[in-house]
Amino acid sequence: MREFKRTDRVADQLQQELAVLIQREIKDPRLGMVTVSGVTVSRDLGYADVYVTLLGDDDAERIKENLAVLKRAGGFLRSQIARRIKLRHVPELRFHFDESVVRGHRLSSLIDEAVETDRARHSDDDERGSER
């Protein structure tokens, strides 16, 4: 079996190209700081699910607005990709918000909070033990 599937190679190439195109070519002022966090391509190369994150924005309305801008720019992005990557058929782009980064920050802050609570509890226990 091959080490890398063709769909994985296409997805990696799409991710690199889309990151550059979104950053440099889309001039819509409503579009925030978008990062392409991942791309998955269907087995028949008909669709590419593009996962994006927004720097500092986790407001549902802003996310929806940015995804709408990207969806409207989808045709332009496909035409630019067709010029840059040699594919018989450029996959249809479907944009999704990647919640993993937001979820990761939330989990990290919960862990920090739990550790701090645990430290405070242990320091209280130590003080009580020394009073006896």
# chains A, B, ... in the order shown; residues from 1 in each chain; ligands from 1

$ select_by_dssp --residues "range 16-111 of chain A" --states "strand (DSSP E or B)" --output "MDAnalysis selection string"
chainID A and resid 34:41 47:54 92:97

$ write_last_selection --atoms "N, CA and C atoms" --output "compact mmCIF listing (two decimals), in the first residue's frame"
# COMPACT_ATOMS: atom_id res chain seq x y z
N VAL A 34 -8.33 35.04 8.51
CA VAL A 34 -8.73 33.65 8.31
C VAL A 34 -7.49 32.78 8.15
N THR A 35 -7.50 31.65 8.83
CA THR A 35 -6.44 30.66 8.70
C THR A 35 -7.05 29.36 8.22
N VAL A 36 -6.46 28.76 7.21
CA VAL A 36 -6.93 27.46 6.72
C VAL A 36 -6.27 26.40 7.60
N SER A 37 -7.07 25.75 8.45
CA SER A 37 -6.50 24.80 9.41
C SER A 37 -6.46 23.38 8.86
N GLY A 38 -7.24 23.10 7.82
CA GLY A 38 -7.22 21.76 7.25
C GLY A 38 -8.11 21.65 6.04
N VAL A 39 -7.82 20.66 5.21
CA VAL A 39 -8.64 20.38 4.03
C VAL A 39 -8.76 18.87 3.91
N THR A 40 -9.98 18.42 3.70
CA THR A 40 -10.19 17.00 3.39
C THR A 40 -10.86 16.93 2.03
N VAL A 41 -10.42 15.98 1.22
CA VAL A 41 -10.93 15.85 -0.14
C VAL A 41 -11.65 14.52 -0.25
N TYR A 47 -15.27 17.03 -4.10
CA TYR A 47 -15.49 18.04 -3.06
C TYR A 47 -14.27 18.16 -2.18
N ALA A 48 -14.04 19.37 -1.72
CA ALA A 48 -12.99 19.63 -0.73
C ALA A 48 -13.63 20.39 0.42
N ASP A 49 -13.58 19.80 1.60
CA ASP A 49 -14.07 20.48 2.80
C ASP A 49 -12.91 21.26 3.39
N VAL A 50 -13.06 22.58 3.42
CA VAL A 50 -12.01 23.47 3.87
C VAL A 50 -12.37 23.97 5.27
N TYR A 51 -11.51 23.69 6.24
CA TYR A 51 -11.75 24.09 7.62
C TYR A 51 -10.93 25.33 7.93
N VAL A 52 -11.61 26.37 8.42
CA VAL A 52 -10.94 27.64 8.69
C VAL A 52 -11.16 28.05 10.15
N THR A 53 -10.21 28.83 10.65
CA THR A 53 -10.34 29.45 11.96
C THR A 53 -10.21 30.96 11.77
N LEU A 54 -10.75 31.69 12.72
CA LEU A 54 -10.69 33.15 12.68
C LEU A 54 -9.90 33.63 13.88
N GLU A 92 -15.05 21.06 -5.75
CA GLU A 92 -15.93 22.11 -5.26
C GLU A 92 -15.54 22.38 -3.82
N LEU A 93 -15.41 23.66 -3.47
CA LEU A 93 -14.95 24.03 -2.13
C LEU A 93 -16.14 24.25 -1.20
N ARG A 94 -16.09 23.60 -0.05
CA ARG A 94 -17.11 23.77 0.99
C ARG A 94 -16.39 24.23 2.24
N PHE A 95 -16.77 25.41 2.75
CA PHE A 95 -16.08 26.00 3.89
C PHE A 95 -16.80 25.69 5.19
N HIS A 96 -16.01 25.36 6.22
CA HIS A 96 -16.54 25.05 7.55
C HIS A 96 -15.67 25.75 8.58
N PHE A 97 -16.30 26.15 9.69
CA PHE A 97 -15.54 26.73 10.80
C PHE A 97 -14.95 25.59 11.63

$ select_by_dssp --residues "chain A" --states "helix (DSSP H, G or I)" --output "JSON, numbers by chain"
{"A": [6, 7, 8, 9, 10, 11, 12, 13, 14, 15, 16, 17, 18, 19, 20, 21, 22, 23, 24, 60, 61, 62, 63, 64, 65, 66, 67, 68, 69, 70, 71, 72, 74, 75, 76, 77, 78, 79, 80, 81, 82, 83, 84, 100, 101, 102, 103, 104, 105, 106, 107, 108, 109, 110, 111, 112, 113, 114, 115, 116, 117, 118, 119, 120, 121, 122, 123, 124, 125, 126, 127, 128, 129, 130, 131]}

$ closest_residue --among "A:Asp44, A:Leu14, A:Val115, A:Leu31" --to "Lys71 in chain A" --atoms "only C-alpha atoms"
A:Leu31

$ residues_around --residues "Val69 in chain A" --least-positions-apart "4" --cutoff "8 Å" --atoms "only C-alpha atoms" --output "ChimeraX atom specification"
/A:28,30-31,65,73

$ write_last_selection --atoms "all heavy atoms" --output "short mmCIF file (atom, residue, chain, number, x, y, z; two decimals), in the first residue's frame"
data_model
loop_
_atom_site.label_atom_id
_atom_site.label_comp_id
_atom_site.auth_asym_id
_atom_site.auth_seq_id
_atom_site.Cartn_x
_atom_site.Cartn_y
_atom_site.Cartn_z
N ASP A 28 -12.28 41.47 0.31
CA ASP A 28 -13.52 41.83 1.01
C ASP A 28 -13.18 42.31 2.43
O ASP A 28 -12.56 41.59 3.21
CB ASP A 28 -14.44 40.60 1.09
CG ASP A 28 -15.85 40.97 1.46
OD1 ASP A 28 -16.04 41.78 2.40
OD2 ASP A 28 -16.78 40.46 0.81
N ARG A 30 -15.02 42.62 4.97
CA ARG A 30 -15.72 41.87 6.03
C ARG A 30 -14.95 40.63 6.46
O ARG A 30 -15.21 40.06 7.51
CB ARG A 30 -17.11 41.44 5.56
CG ARG A 30 -18.03 42.63 5.31
CD ARG A 30 -19.28 42.18 4.64
NE ARG A 30 -18.92 41.67 3.30
CZ ARG A 30 -19.76 41.07 2.49
NH1 ARG A 30 -20.99 40.87 2.84
NH2 ARG A 30 -19.37 40.67 1.28
N LEU A 31 -14.00 40.21 5.63
CA LEU A 31 -13.24 39.00 5.93
C LEU A 31 -12.16 39.30 6.96
O LEU A 31 -11.34 40.18 6.77
CB LEU A 31 -12.60 38.45 4.65
CG LEU A 31 -12.06 37.04 4.70
CD1 LEU A 31 -13.19 36.04 4.97
CD2 LEU A 31 -11.38 36.69 3.40
N GLU A 65 -20.71 35.29 8.90
CA GLU A 65 -20.42 36.29 7.88
C GLU A 65 -19.15 35.94 7.09
O GLU A 65 -19.13 36.03 5.86
CB GLU A 65 -20.27 37.67 8.55
CG GLU A 65 -20.04 38.80 7.57
CD GLU A 65 -19.91 40.14 8.27
OE1 GLU A 65 -19.36 40.18 9.39
OE2 GLU A 65 -20.36 41.13 7.69
N ALA A 73 -16.76 33.68 -2.60
CA ALA A 73 -15.48 33.74 -3.30
C ALA A 73 -15.05 32.36 -3.81
O ALA A 73 -14.00 32.25 -4.45
CB ALA A 73 -14.41 34.31 -2.38
#

$ closest_residue --among "A:Arg121, A:Arg6, A:Arg72, A:Ile111" --to "Leu87 in chain A" --atoms "only C-alpha atoms"
A:Arg6

$ atom_distance --atom1 "CA of Gln80 in chain A" --atom2 "CA of Leu21 in chain A"
7.9 Å

$ closest_residue --among "A:Ile81, A:Leu107, A:Ile22, A:Val90" --to "Leu67 in chain A" --atoms "only C-alpha atoms"
A:Ile22

$ atom_distance --atom1 "CA of Asp8 in chain A" --atom2 "CA of Leu45 in chain A"
10.4 Å
